[in-house]
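protein-v2.tsv follows (TSV, C-alpha atoms):
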chain	number	residue	atom	x	y	z
V	6	VAL	CA	0.00	0.00	0.00
V	7	ALA	CA	2.78	2.38	0.95
V	8	GLN	CA	4.81	1.83	-2.19
V	9	TRP	CA	2.69	4.24	-4.23
V	10	LEU	CA	2.26	6.81	-1.42
V	11	PRO	CA	4.39	10.00	-1.33
V	12	SER	CA	7.83	9.71	0.18
V	13	GLY	CA	7.95	10.65	3.83
V	14	SER	CA	4.24	10.00	4.47
V	15	VAL	CA	3.03	8.50	7.75
V	16	ALA	CA	1.88	5.32	5.99
V	17	GLN	CA	5.29	4.83	4.40
V	18	TRP	CA	6.95	5.33	7.78
V	19	PHE	CA	4.73	2.64	9.28
V	20	ARG	CA	5.61	0.44	6.32
V	21	VAL	CA	9.32	0.84	7.14
V	22	ALA	CA	8.57	0.16	10.80
V	23	HIS	CA	6.81	-3.10	9.78
V	24	ARG	CA	3.59	-1.87	11.36
V	25	LEU	CA	1.53	-2.28	8.12
V	26	PRO	CA	0.89	-5.69	6.48
V	27	ASN	CA	2.35	-6.69	3.16
V	28	GLY	CA	-0.10	-7.18	0.29
V	29	SER	CA	-2.78	-5.46	-1.73
V	30	VAL	CA	-5.22	-2.70	-0.81
V	31	VAL	CA	-7.97	-5.30	-0.33
V	32	GLN	CA	-5.78	-7.25	2.08
V	33	TRP	CA	-5.02	-4.09	4.00
V	34	ILE	CA	-8.72	-3.15	4.27
V	35	GLN	CA	-9.68	-6.63	5.44
V	36	TRP	CA	-7.17	-6.25	8.28
V	37	LEU	CA	-8.60	-2.94	9.48
V	38	PRO	CA	-12.03	-3.72	11.04
V	39	SER	CA	-12.47	-2.97	14.72
V	40	GLY	CA	-11.30	-5.80	16.92
V	41	SER	CA	-8.26	-6.75	14.80
V	42	GLU	CA	-4.84	-7.07	16.39
V	43	TRP	CA	-3.60	-4.05	14.49
V	44	LEU	CA	-5.92	-1.64	16.30
V	45	SER	CA	-6.88	-3.22	19.59
V	46	GLY	CA	-4.20	-5.87	20.08
V	47	SER	CA	-1.16	-3.69	19.61
V	48	GLU	CA	-0.10	-1.80	22.69
V	49	TRP	CA	2.10	0.43	20.55
V	50	PHE	CA	-1.03	2.10	19.04
V	51	SER	CA	-3.18	2.04	22.16
V	52	GLY	CA	-4.23	5.58	23.02
V	53	SER	CA	-2.10	7.09	20.32
V	54	VAL	CA	-3.11	9.86	17.90
V	55	VAL	CA	-2.88	7.40	15.00
V	56	GLN	CA	-5.53	5.14	16.51
V	57	PHE	CA	-7.74	8.15	17.24
V	58	VAL	CA	-7.59	9.26	13.59
V	59	LEU	CA	-7.85	5.88	11.91
V	60	TYR	CA	-10.63	4.33	13.96
V	61	PRO	CA	-13.45	6.51	12.50
V	62	VAL	CA	-12.08	5.87	9.01
V	63	VAL	CA	-12.16	2.14	9.58
V	64	GLN	CA	-15.72	2.29	10.86
V	65	TRP	CA	-16.74	4.33	7.81
V	66	PHE	CA	-15.21	1.68	5.56
V	67	ARG	CA	-17.31	-0.94	7.30
V	68	VAL	CA	-20.51	1.10	6.79
V	69	VAL	CA	-19.73	1.59	3.09
V	70	GLN	CA	-19.11	-2.14	2.64
V	71	VAL	CA	-22.41	-3.04	4.31
V	72	LEU	CA	-24.35	-0.48	2.24
V	73	SER	CA	-22.78	-1.60	-1.02
V	74	SER	CA	-23.62	-5.22	-0.24
V	75	SER	CA	-27.23	-4.24	0.53
V	76	VAL	CA	-27.55	-2.26	-2.69
V	77	ARG	CA	-26.21	-5.16	-4.76
V	78	ALA	CA	-28.60	-7.57	-3.03
V	79	LEU	CA	-31.58	-5.25	-3.60
V	80	TYR	CA	-30.64	-4.78	-7.26
V	81	SER	CA	-30.45	-8.54	-7.78
V	82	VAL	CA	-33.92	-8.99	-6.25
V	83	CYS	CA	-35.65	-6.14	-8.08
V	84	GLY	CA	-34.04	-6.81	-11.44
V	85	GLU	CA	-33.39	-3.95	-13.81
V	86	LYS	CA	-33.78	-0.37	-12.71
V	87	MET	CA	-36.90	1.64	-13.48
V	88	ILE	CA	-36.79	3.98	-16.43
V	89	LYS	CA	-39.02	6.77	-17.63
V	90	LEU	CA	-41.38	5.93	-20.47
V	91	ASP	CA	-43.03	8.76	-22.44
V	92	VAL	CA	-45.81	7.81	-24.86
V	93	LEU	CA	-47.86	9.96	-27.24
V	94	SER	CA	-51.09	9.18	-29.10
V	95	PHE	CA	-52.31	11.49	-31.86
V	96	ASN	CA	-54.61	11.59	-34.87
V	97	PRO	CA	-52.90	14.01	-37.29
V	98	MET	CA	-55.86	13.81	-39.77
V	99	PHE	CA	-53.29	13.56	-42.57
V	100	CYS	CA	-49.67	12.48	-42.58
V	101	ASN	CA	-47.40	12.46	-45.63
V	102	PHE	CA	-43.60	12.25	-45.36
V	103	SER	CA	-43.06	15.95	-44.62
V	104	ARG	CA	-45.74	15.91	-41.92
V	105	PHE	CA	-44.12	12.80	-40.45
V	106	GLU	CA	-40.92	14.82	-40.16
V	107	ASP	CA	-42.73	17.75	-38.51
V	108	ILE	CA	-44.44	15.49	-35.97
V	109	ILE	CA	-41.25	13.60	-35.09
V	110	GLU	CA	-39.21	16.79	-34.71
V	111	GLU	CA	-41.84	18.29	-32.39
V	112	THR	CA	-42.20	15.08	-30.34
V	113	ASN	CA	-38.57	13.99	-30.20
V	114	ASN	CA	-38.64	13.47	-26.42
V	115	PHE	CA	-41.30	10.73	-26.57
V	116	SER	CA	-40.22	7.09	-26.51
V	117	ILE	CA	-43.21	5.73	-28.48
V	118	ILE	CA	-45.68	7.59	-30.71
V	119	GLY	CA	-48.90	6.07	-32.02
V	120	LEU	CA	-50.60	7.77	-34.99
V	121	GLN	CA	-54.13	7.12	-36.23
V	122	GLY	CA	-55.60	8.56	-39.41
V	123	THR	CA	-52.50	9.03	-41.57
V	124	GLY	CA	-54.63	9.02	-44.73
V	125	GLN	CA	-51.96	7.31	-46.85
V	126	ARG	CA	-52.94	4.68	-49.40
V	127	MET	CA	-50.59	1.69	-49.33
V	128	GLU	CA	-50.78	-1.75	-50.90
V	129	ASP	CA	-47.95	-3.24	-48.81
V	130	GLU	CA	-48.92	-4.68	-45.47
V	131	VAL	CA	-46.30	-2.71	-43.51
V	132	GLU	CA	-43.80	-0.11	-44.61
V	133	GLN	CA	-40.73	0.27	-42.39
V	134	SER	CA	-38.70	3.41	-42.83
V	135	THR	CA	-36.39	5.77	-40.97
V	136	VAL	CA	-37.49	9.36	-40.46
V	137	CYS	CA	-35.29	11.81	-38.54
V	138	GLY	CA	-33.27	8.88	-37.20
V	139	ARG	CA	-36.32	7.05	-35.80
V	140	THR	CA	-37.88	3.80	-37.01
V	141	VAL	CA	-41.42	4.21	-38.38
V	142	LEU	CA	-43.81	1.28	-38.94
V	143	HIS	CA	-46.68	2.37	-41.17
V	144	SER	CA	-49.76	0.51	-42.39
V	145	GLY	CA	-51.69	2.63	-44.87
V	146	TRP	CA	-55.28	2.13	-45.99
V	147	TRP	CA	-56.49	0.04	-48.89
V	148	PRO	CA	-60.03	-0.03	-50.33
V	149	GLY	CA	-62.36	-2.30	-48.37
V	150	TRP	CA	-65.75	-2.33	-46.69
V	151	GLY	CA	-64.19	-1.48	-43.30
V	152	THR	CA	-61.87	1.35	-44.36
V	153	ASN	CA	-61.90	4.75	-46.02
V	154	LYS	CA	-59.43	7.44	-47.10
V	155	SER	CA	-58.97	8.72	-43.54
V	156	CYS	CA	-57.50	5.40	-42.34
V	157	GLY	CA	-53.88	4.51	-41.84
V	158	THR	CA	-51.97	3.80	-38.63
V	159	ALA	CA	-48.30	4.14	-37.69
V	160	ILE	CA	-45.89	3.62	-34.79
V	161	VAL	CA	-42.79	5.76	-34.29
V	162	LEU	CA	-40.10	4.17	-32.12
V	163	SER	CA	-37.22	5.78	-30.25
V	164	LYS	CA	-33.80	6.23	-31.81
V	165	ASP	CA	-32.16	3.52	-29.71
V	166	VAL	CA	-34.47	0.81	-31.09
V	167	GLN	CA	-32.66	-1.40	-33.59
V	168	ALA	CA	-34.19	-3.69	-36.20
V	169	ASP	CA	-33.32	-6.76	-34.11
V	170	ASP	CA	-35.24	-5.32	-31.14
V	171	ILE	CA	-38.58	-5.56	-32.99
V	172	GLU	CA	-39.90	-9.01	-32.02
V	173	ASP	CA	-43.31	-8.96	-33.76
V	174	VAL	CA	-45.39	-6.73	-36.01
V	175	TRP	CA	-49.18	-7.10	-36.28
V	176	THR	CA	-51.64	-5.44	-38.66
V	177	LEU	CA	-55.31	-5.66	-39.54
V	178	LYS	CA	-55.52	-7.09	-43.04
V	179	GLY	CA	-57.97	-7.39	-45.93
V	180	PRO	CA	-61.01	-5.11	-45.78
V	181	LEU	CA	-59.78	-3.59	-42.51
V	182	LYS	CA	-56.27	-2.69	-43.70
V	183	GLY	CA	-55.27	0.62	-42.18
V	184	ARG	CA	-57.45	0.18	-39.10
V	185	GLY	CA	-54.72	-1.13	-36.84
V	186	ILE	CA	-51.02	-1.79	-36.39
V	187	GLY	CA	-48.99	-3.15	-33.49
V	188	CYS	CA	-45.45	-4.13	-32.65
V	189	ARG	CA	-43.52	-5.65	-29.79
V	190	VAL	CA	-40.15	-4.13	-28.93
V	191	LYS	CA	-37.98	-6.19	-26.61
V	192	MET	CA	-34.84	-4.48	-25.35
V	193	LYS	CA	-32.66	-4.70	-22.28
V	194	LYS	CA	-34.49	-1.80	-20.66
V	195	TYR	CA	-38.09	-2.61	-21.60
V	196	ASP	CA	-40.45	-5.07	-23.26
V	197	VAL	CA	-43.48	-3.26	-24.70
V	198	ALA	CA	-46.24	-4.25	-27.12
V	199	THR	CA	-47.75	-1.10	-28.66
V	200	LEU	CA	-51.18	-1.48	-30.32
V	201	VAL	CA	-52.66	1.36	-32.38
V	202	PRO	CA	-56.27	0.66	-33.46
V	203	TYR	CA	-58.32	3.26	-35.33
V	204	PHE	CA	-62.07	2.84	-34.75
V	205	PRO	CA	-64.60	4.28	-37.22
V	206	PRO	CA	-67.11	6.94	-36.16
V	207	ARG	CA	-70.62	5.85	-35.28
V	208	PRO	CA	-72.90	5.33	-38.30
V	209	ARG	CA	-75.33	8.02	-39.32
V	210	LYS	CA	-77.62	5.72	-41.32
V	211	ARG	CA	-79.30	2.48	-40.33
V	212	THR	CA	-77.82	0.76	-43.37
V	213	GLN	CA	-74.33	1.40	-42.00
V	214	VAL	CA	-74.93	-0.19	-38.60
V	215	ALA	CA	-74.19	-3.79	-39.64
V	216	GLY	CA	-70.84	-2.85	-41.20
V	217	TYR	CA	-69.95	-0.74	-38.18
V	218	MET	CA	-70.69	-3.54	-35.71
V	219	ALA	CA	-68.68	-6.05	-37.76
V	220	THR	CA	-65.73	-3.67	-37.86
V	221	MET	CA	-65.86	-3.13	-34.08
V	222	LYS	CA	-65.96	-6.86	-33.44
V	223	LYS	CA	-62.97	-7.60	-35.67
V	224	ILE	CA	-60.84	-4.82	-34.18
V	225	THR	CA	-61.49	-5.81	-30.56
V	226	ASP	CA	-61.01	-9.53	-31.37
V	227	TRP	CA	-57.67	-8.61	-32.96
V	228	LEU	CA	-56.63	-6.73	-29.81
V	229	ASP	CA	-57.83	-9.54	-27.56
V	230	GLU	CA	-55.90	-12.18	-29.48
V	231	ILE	CA	-52.62	-10.24	-29.35
V	232	ILE	CA	-52.83	-9.28	-25.67
V	233	SER	CA	-53.74	-12.84	-24.69
V	234	SER	CA	-50.66	-14.17	-26.47
V	235	LEU	CA	-48.19	-11.83	-24.74
V	236	PRO	CA	-45.94	-13.14	-21.95
V	237	ASN	CA	-46.26	-11.64	-18.48
V	238	SER	CA	-42.97	-9.79	-18.92
V	239	CYS	CA	-44.39	-7.79	-21.85
V	240	THR	CA	-46.38	-4.61	-21.17
V	241	PRO	CA	-49.29	-3.89	-23.55
V	242	LEU	CA	-50.15	-0.31	-24.51
V	243	ILE	CA	-53.25	0.65	-26.52
V	244	LEU	CA	-53.10	4.06	-28.22
V	245	THR	CA	-56.40	4.66	-29.96
V	246	ASP	CA	-58.79	7.08	-31.57
V	247	LEU	CA	-61.95	5.38	-30.38
V	248	ASN	CA	-64.47	7.78	-31.95
V	249	ASP	CA	-66.69	6.99	-28.95
V	250	GLY	CA	-66.84	7.52	-25.22
V	251	MET	CA	-66.33	4.96	-22.47
V	252	GLY	CA	-67.81	4.43	-19.05
V	253	LEU	CA	-71.41	5.72	-19.24
V	254	GLU	CA	-74.06	3.29	-20.47
V	255	LYS	CA	-77.61	4.29	-21.34
V	256	SER	CA	-80.17	3.04	-18.82
V	257	ALA	CA	-83.76	1.95	-19.33
V	258	ASP	CA	-85.11	5.35	-18.19
V	259	SER	CA	-82.97	7.17	-20.79
V	260	GLY	CA	-80.43	8.16	-18.16
V	261	TRP	CA	-76.76	7.30	-17.99
V	262	LEU	CA	-75.17	4.83	-15.59
V	263	PHE	CA	-71.48	4.53	-14.79
V	264	LYS	CA	-70.27	1.11	-15.97
V	265	GLY	CA	-66.55	1.73	-16.10
V	266	GLY	CA	-65.67	-0.59	-13.24
V	267	THR	CA	-61.96	-0.39	-12.44
V	268	ALA	CA	-61.00	0.32	-16.07
V	269	ILE	CA	-62.48	3.83	-16.37
V	270	GLY	CA	-62.24	6.73	-13.95
V	271	GLU	CA	-65.56	8.33	-13.02
V	272	ASP	CA	-64.30	11.84	-13.76
V	273	GLY	CA	-63.19	10.78	-17.24
V	274	ALA	CA	-66.23	8.67	-18.15
V	275	ARG	CA	-68.11	9.60	-21.32
V	276	LYS	CA	-71.29	8.38	-23.03
V	277	GLU	CA	-71.11	5.15	-25.02
V	278	ASN	CA	-73.24	6.20	-27.96
V	279	ILE	CA	-74.14	2.77	-29.36
V	280	LYS	CA	-75.07	-0.44	-27.58
V	281	GLU	CA	-72.17	-2.89	-28.03
V	282	GLY	CA	-70.29	-0.26	-30.00
V	283	ALA	CA	-66.64	0.77	-29.80
V	284	GLY	CA	-66.81	2.19	-26.28
V	285	GLU	CA	-68.51	-0.80	-24.71
V	286	LEU	CA	-66.38	-3.41	-26.50
V	287	LEU	CA	-63.08	-1.72	-25.59
V	288	ARG	CA	-64.24	-1.23	-21.99
V	289	ARG	CA	-64.97	-4.95	-21.69
V	290	LEU	CA	-61.59	-5.75	-23.19
V	291	LEU	CA	-59.80	-3.56	-20.64
V	292	ILE	CA	-61.63	-5.18	-17.73
V	293	LYS	CA	-60.83	-8.66	-19.07
V	294	HIS	CA	-57.10	-7.97	-19.26
V	295	GLN	CA	-56.92	-5.84	-16.09
V	296	MET	CA	-56.08	-2.64	-17.94
V	297	ILE	CA	-57.19	0.97	-17.50
V	298	ALA	CA	-57.73	4.01	-19.70
V	299	ALA	CA	-54.99	6.13	-18.13
V	300	ASN	CA	-56.30	9.52	-19.26
V	301	THR	CA	-59.64	8.96	-17.49
V	302	PHE	CA	-57.88	9.23	-14.11
V	303	GLY	CA	-56.04	12.05	-12.40
V	304	TRP	CA	-56.22	15.83	-12.59
V	305	SER	CA	-56.82	15.89	-16.37
V	306	ALA	CA	-59.44	13.12	-16.40
V	307	GLY	CA	-62.22	15.47	-17.50
V	308	ALA	CA	-60.26	17.09	-20.36
V	309	ASP	CA	-61.66	16.55	-23.86
V	310	THR	CA	-59.42	15.43	-26.71
V	311	TYR	CA	-61.44	16.41	-29.80
V	312	PHE	CA	-62.91	19.79	-30.73
V	313	GLY	CA	-65.41	20.27	-33.52
V	314	ASP	CA	-67.60	23.17	-34.61
V	315	GLY	CA	-69.16	24.26	-31.33
V	316	TYR	CA	-68.70	21.00	-29.43
V	317	SER	CA	-65.98	18.84	-27.86
V	318	SER	CA	-65.64	15.22	-26.79
V	319	LYS	CA	-63.28	12.71	-25.27
V	320	ILE	CA	-62.57	10.01	-27.86
V	321	ASP	CA	-58.78	9.48	-27.69
V	322	TYR	CA	-57.39	7.10	-25.09
V	323	ILE	CA	-54.13	5.63	-23.83
V	324	CYS	CA	-54.68	2.28	-22.11
V	325	ILE	CA	-52.11	0.65	-19.83
V	326	PRO	CA	-51.94	-2.28	-17.34
V	327	ALA	CA	-53.74	-1.45	-14.10
V	328	GLN	CA	-50.64	-2.33	-12.06
V	329	MET	CA	-48.76	0.42	-13.86
V	330	GLY	CA	-51.26	3.10	-12.84
V	331	VAL	CA	-49.53	3.87	-9.55
V	332	CYS	CA	-46.36	4.86	-11.42
V	333	VAL	CA	-48.02	7.40	-13.72
V	334	GLN	CA	-46.42	10.81	-13.40
V	335	GLN	CA	-48.35	12.76	-16.06
V	336	CYS	CA	-51.19	11.92	-18.41
V	337	GLY	CA	-53.60	13.95	-20.51
V	338	PRO	CA	-53.92	16.19	-23.59
V	339	LEU	CA	-51.08	18.57	-24.54
V	340	GLN	CA	-52.50	21.95	-25.52
V	341	ARG	CA	-49.21	23.63	-26.47
V	342	LEU	CA	-48.17	20.73	-28.68
V	343	ARG	CA	-51.58	20.88	-30.34
V	344	ARG	CA	-50.91	24.45	-31.48
V	345	ARG	CA	-47.75	23.33	-33.28
V	346	LEU	CA	-49.24	20.18	-34.83
V	347	GLN	CA	-52.82	21.23	-35.63
V	348	HIS	CA	-53.59	20.45	-39.27
V	349	ILE	CA	-56.34	23.05	-39.60
V	350	LYS	CA	-54.94	26.59	-39.68
V	351	ALA	CA	-57.02	28.30	-37.04
V	352	LYS	CA	-56.44	30.02	-33.70
V	353	HIS	CA	-59.21	28.08	-31.98
V	354	LEU	CA	-59.05	24.42	-30.96
V	355	ALA	CA	-59.85	22.14	-33.87
V	356	ASP	CA	-59.74	18.38	-34.42
V	357	HIS	CA	-57.66	16.09	-32.21
V	358	ILE	CA	-55.31	17.07	-29.39
V	359	PRO	CA	-52.23	14.88	-28.73
V	360	VAL	CA	-52.62	12.75	-25.60
V	361	HIS	CA	-49.51	11.82	-23.65
V	362	PHE	CA	-48.60	9.43	-20.88
V	363	SER	CA	-45.46	9.52	-18.72
V	364	ALA	CA	-44.49	7.03	-16.04
V	365	LYS	CA	-41.59	5.42	-14.25
V	366	TYR	CA	-41.71	2.19	-16.14
V	367	HIS	CA	-40.42	-1.15	-14.89
V	368	ARG	CA	-39.91	-4.01	-17.29
V	369	TYR	CA	-41.64	-6.61	-15.14
V	370	TYR	CA	-45.18	-5.26	-14.96
V	371	PRO	CA	-47.46	-8.27	-15.52
V	372	SER	CA	-49.86	-7.89	-18.44
V	373	LYS	CA	-52.57	-10.10	-16.98
Just give me the structure as structure tokens.
Amino acid sequence: VAQWLPSGSVAQWFRVAHRLPNGSVVQWIQWLPSGSEWLSGSEWFSGSVVQFVLYPVVQWFRVVQVLSSSVRALYSVCGEKMIKLDVLSFNPMFCNFSRFEDIIEETNNFSIIGLQGTGQRMEDEVEQSTVCGRTVLHSGWWPGWGTNKSCGTAIVLSKDVQADDIEDVWTLKGPLKGRGIGCRVKMKKYDVATLVPYFPPRPRKRTQVAGYMATMKKITDWLDEIISSLPNSCTPLILTDLNDGMGLEKSADSGWLFKGGTAIGEDGARKENIKEGAGELLRRLLIKHQMIAANTFGWSAGADTYFGDGYSSKIDYICIPAQMGVCVQQCGPLQRLRRRLQHIKAKHLADHIPVHFSAKYHRYYPSK
């Protein structure tokens, strides 16, 4: 120990006097704890200034060793450390390549972005590209009885996600192409399955009801099948434009009853406009898989996410596992971001407002 210390130091003097042991730093430290011969057994040091100075240092070393051992043990039990996960859900109403760039540049601090309503026609099942250094998975619309020109869904992943980290990619196919996309990203820091369904608005004519109900059933069955197949280590996220409310069901006396259960917060509950429509089917799905609509809880639970001509509604939702709810730090619509991303050039609120979710995320949240 004394060989690398400055010449003339006290430790080197003790080394010459054969009062310090030969060996490494570790060997020297192991010899220091209180009760060893060096401190208590040697009469030469008893009551000396050296013992008075070194004894607190030795005790501090012991405390540090105990704390470091405890931290290592706790880390081994808890697994990987918690990280912050920032998620954004948004219906841009239209999204070509330049608008993709604008959205990504304005939302660069979000880990995962789900987009509904890109309005891009695409024959390929999934198009994977890189925009502003981030991986984009895009499923555009294709003519079918369950789609229209407003369809198209996309997922934007963070810059540190590599191609090998994408475990699975799911899409709605055939007549529902463009109504939903999903992917599972498995990395060292997290394991997340992001699902982005785009539900159609409620029908205005009786002749459209059958097609609407069939579309709702296929979308929710698609979500149910994927979530049921996920391992417990994978966390499902649903980022959706529901085009319906959730939590309030029409009663026999034409009133509204709260039916949200544990999945919907009472302050954020909205009217389910059609019996067994989008709102009711998604609510049942959340209850089945022990999930919650995160933006129906908390201080912003009552905030609307869509603004039309003289009216507003809450139709955009971010759904997470119920066990993850206690770790939510922020959740709700982002008004300032809306001003920068709003497609319609107007000073007043118009169309959809981006909804965000931020939490201290741990990889091992069970999904069921």
Best match for closeness to Ile231 (chain V) among V:Gly119, V:Pro148, V:Gly179, V:Gly187, counting all atoms listed in the file: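 Nearest candidate to Ile231 (chain V) out of V:Gly119, V:Pro148, V:Gly179, V:Gly187: V:Gly187.
Residues in contact with region 281-290 of chain V at 6 Å, where all atoms listed in the file are counted and same-chain residues fewer than 5 positions away are skipped, are listed as Met221, Asp249, Gly250 and Met251 of chain V.
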Which residue of V:Ala274, V:Ala198, V:Ile160, V:Met329 approaches Ser234 (chain V) most closely, using all atoms listed in the file: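 Ranking V:Ala274, V:Ala198, V:Ile160, V:Met329 by distance to Ser234 (chain V), first place goes to V:Ala198.
Put simply, CA of Val92 (chain V) is 14.7 Å away from CA of Val141 (chain V).
Straight-line separation from CA of Pro359 (chain V) to CA of Asp91 (chain V): 12.7 Å.
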Among the residues V:Arg207, V:Arg67, V:Lys193, V:Arg104, the one that comes closest to Arg345 (chain V) [using all atoms listed in the file]: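 Looking only at the distances to Arg345 (chain V), the closest residue turns out to be V:Arg104.
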V:Tyr217, V:Trp175, V:Phe263, V:Trp146 ranked by distance to Ile232 (chain V), top pick (using only C-alpha atoms): V:Trp175
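The space between CA of Phe204 (chain V) and CA of Asp229 (chain V) spans 14.9 Å.
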For Gln295 (chain V): contacts at 12 Å, all atoms listed in the file, fewer than 5 positions along chain excluded, given as a list in words: Ile232, Ser233, Thr240, Pro241, Gly266, Thr267, Ala268, Ile269, Arg288, Arg289, Leu290, Cys324, Ile325, Pro326, Ala327, Gln328, Met329, Gly330, Tyr370, Pro371, Ser372 and Lys373 of chain V
Output C-alpha atoms for every residue in that selection, as an mmCIF file, keeping the file's coordinate frame.
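See out_30.cif below for the written result:
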data_model
loop_
_atom_site.group_PDB
_atom_site.id
_atom_site.type_symbol
_atom_site.label_atom_id
_atom_site.label_comp_id
_atom_site.auth_asym_id
_atom_site.auth_seq_id
_atom_site.Cartn_x
_atom_site.Cartn_y
_atom_site.Cartn_z
ATOM 1 C CA ILE V 232 -52.830 -9.280 -25.670
ATOM 2 C CA SER V 233 -53.740 -12.840 -24.690
ATOM 3 C CA THR V 240 -46.380 -4.610 -21.170
ATOM 4 C CA PRO V 241 -49.290 -3.890 -23.550
ATOM 5 C CA GLY V 266 -65.670 -0.590 -13.240
ATOM 6 C CA THR V 267 -61.960 -0.390 -12.440
ATOM 7 C CA ALA V 268 -61.000 0.320 -16.070
ATOM 8 C CA ILE V 269 -62.480 3.830 -16.370
ATOM 9 C CA ARG V 288 -64.240 -1.230 -21.990
ATOM 10 C CA ARG V 289 -64.970 -4.950 -21.690
ATOM 11 C CA LEU V 290 -61.590 -5.750 -23.190
ATOM 12 C CA CYS V 324 -54.680 2.280 -22.110
ATOM 13 C CA ILE V 325 -52.110 0.650 -19.830
ATOM 14 C CA PRO V 326 -51.940 -2.280 -17.340
ATOM 15 C CA ALA V 327 -53.740 -1.450 -14.100
ATOM 16 C CA GLN V 328 -50.640 -2.330 -12.060
ATOM 17 C CA MET V 329 -48.760 0.420 -13.860
ATOM 18 C CA GLY V 330 -51.260 3.100 -12.840
ATOM 19 C CA TYR V 370 -45.180 -5.260 -14.960
ATOM 20 C CA PRO V 371 -47.460 -8.270 -15.520
ATOM 21 C CA SER V 372 -49.860 -7.890 -18.440
ATOM 22 C CA LYS V 373 -52.570 -10.100 -16.980
#
Contacts of region 161-173 of chain V at 8 Å (all atoms listed in the file; same-chain gap of 2+ positions) as an MDAnalysis selection string: chainID V and resid 115:119 138:142 159 175 188:192
Residue neighbourhood Thr123 (chain V), 8 Å, all atoms listed in the file, exclusion window fewer than 2 positions, as a PyMOL selection string: chain V and resi 96-101+120-121+125+145+155-159
Answer as a list in words, residues within 9 Å of (-52.1, -9.6, -44.9) using only C-alpha atoms: Asp129, Glu130, Thr176, Leu177, Lys178, Gly179 and Lys182 of chain V
Could the residues in this selection be written to a file with C-alpha atoms, as a short mmCIF file (atom, residue, chain, number, x, y, z; two decimals), in the coordinates of the input?
data_model
loop_
_atom_site.label_atom_id
_atom_site.label_comp_id
_atom_site.auth_asym_id
_atom_site.auth_seq_id
_atom_site.Cartn_x
_atom_site.Cartn_y
_atom_site.Cartn_z
CA ASP V 129 -47.95 -3.24 -48.81
CA GLU V 130 -48.92 -4.68 -45.47
CA THR V 176 -51.64 -5.44 -38.66
CA LEU V 177 -55.31 -5.66 -39.54
CA LYS V 178 -55.52 -7.09 -43.04
CA GLY V 179 -57.97 -7.39 -45.93
CA LYS V 182 -56.27 -2.69 -43.70
#
Neighbour list for Cys239 (chain V) as a PyMOL selection string, cut-off 6 Å, all atoms listed in the file, skip fewer than 2 positions in-chain: chain V and resi 196-197+236-237
Among listed residues V:Lys365, V:Ile108, V:Glu128, V:Thr301, nearest Tyr195 (chain V) (using all atoms listed in the file):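 Looking at the shortest contact to Tyr195 (chain V), the residue is V:Lys365.
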Pick from V:Asp321, V:Asp226, V:Glu132, V:Glu110, whichever lies nearest to Leu247 (chain V) using only C-alpha atoms: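 The answer is V:Asp321, which sits nearest to Leu247 (chain V).
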Could you tell me, as a PDB file with C-alpha atoms, keeping the file's coordinate frame, which residues have any atom at most 6 Å from (-56.9, 5.2, -31.8), counting only C-alpha atoms?
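Below you can see out-v4.pdb, which holds the result:
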ATOM      1  CA  GLN V 121     -54.130   7.120 -36.230  1.00  0.00           C
ATOM      2  CA  VAL V 201     -52.660   1.360 -32.380  1.00  0.00           C
ATOM      3  CA  PRO V 202     -56.270   0.660 -33.460  1.00  0.00           C
ATOM      4  CA  TYR V 203     -58.320   3.260 -35.330  1.00  0.00           C
ATOM      5  CA  LEU V 244     -53.100   4.060 -28.220  1.00  0.00           C
ATOM      6  CA  THR V 245     -56.400   4.660 -29.960  1.00  0.00           C
ATOM      7  CA  ASP V 246     -58.790   7.080 -31.570  1.00  0.00           C
ATOM      8  CA  LEU V 247     -61.950   5.380 -30.380  1.00  0.00           C
TER       9      LEU V 247
END
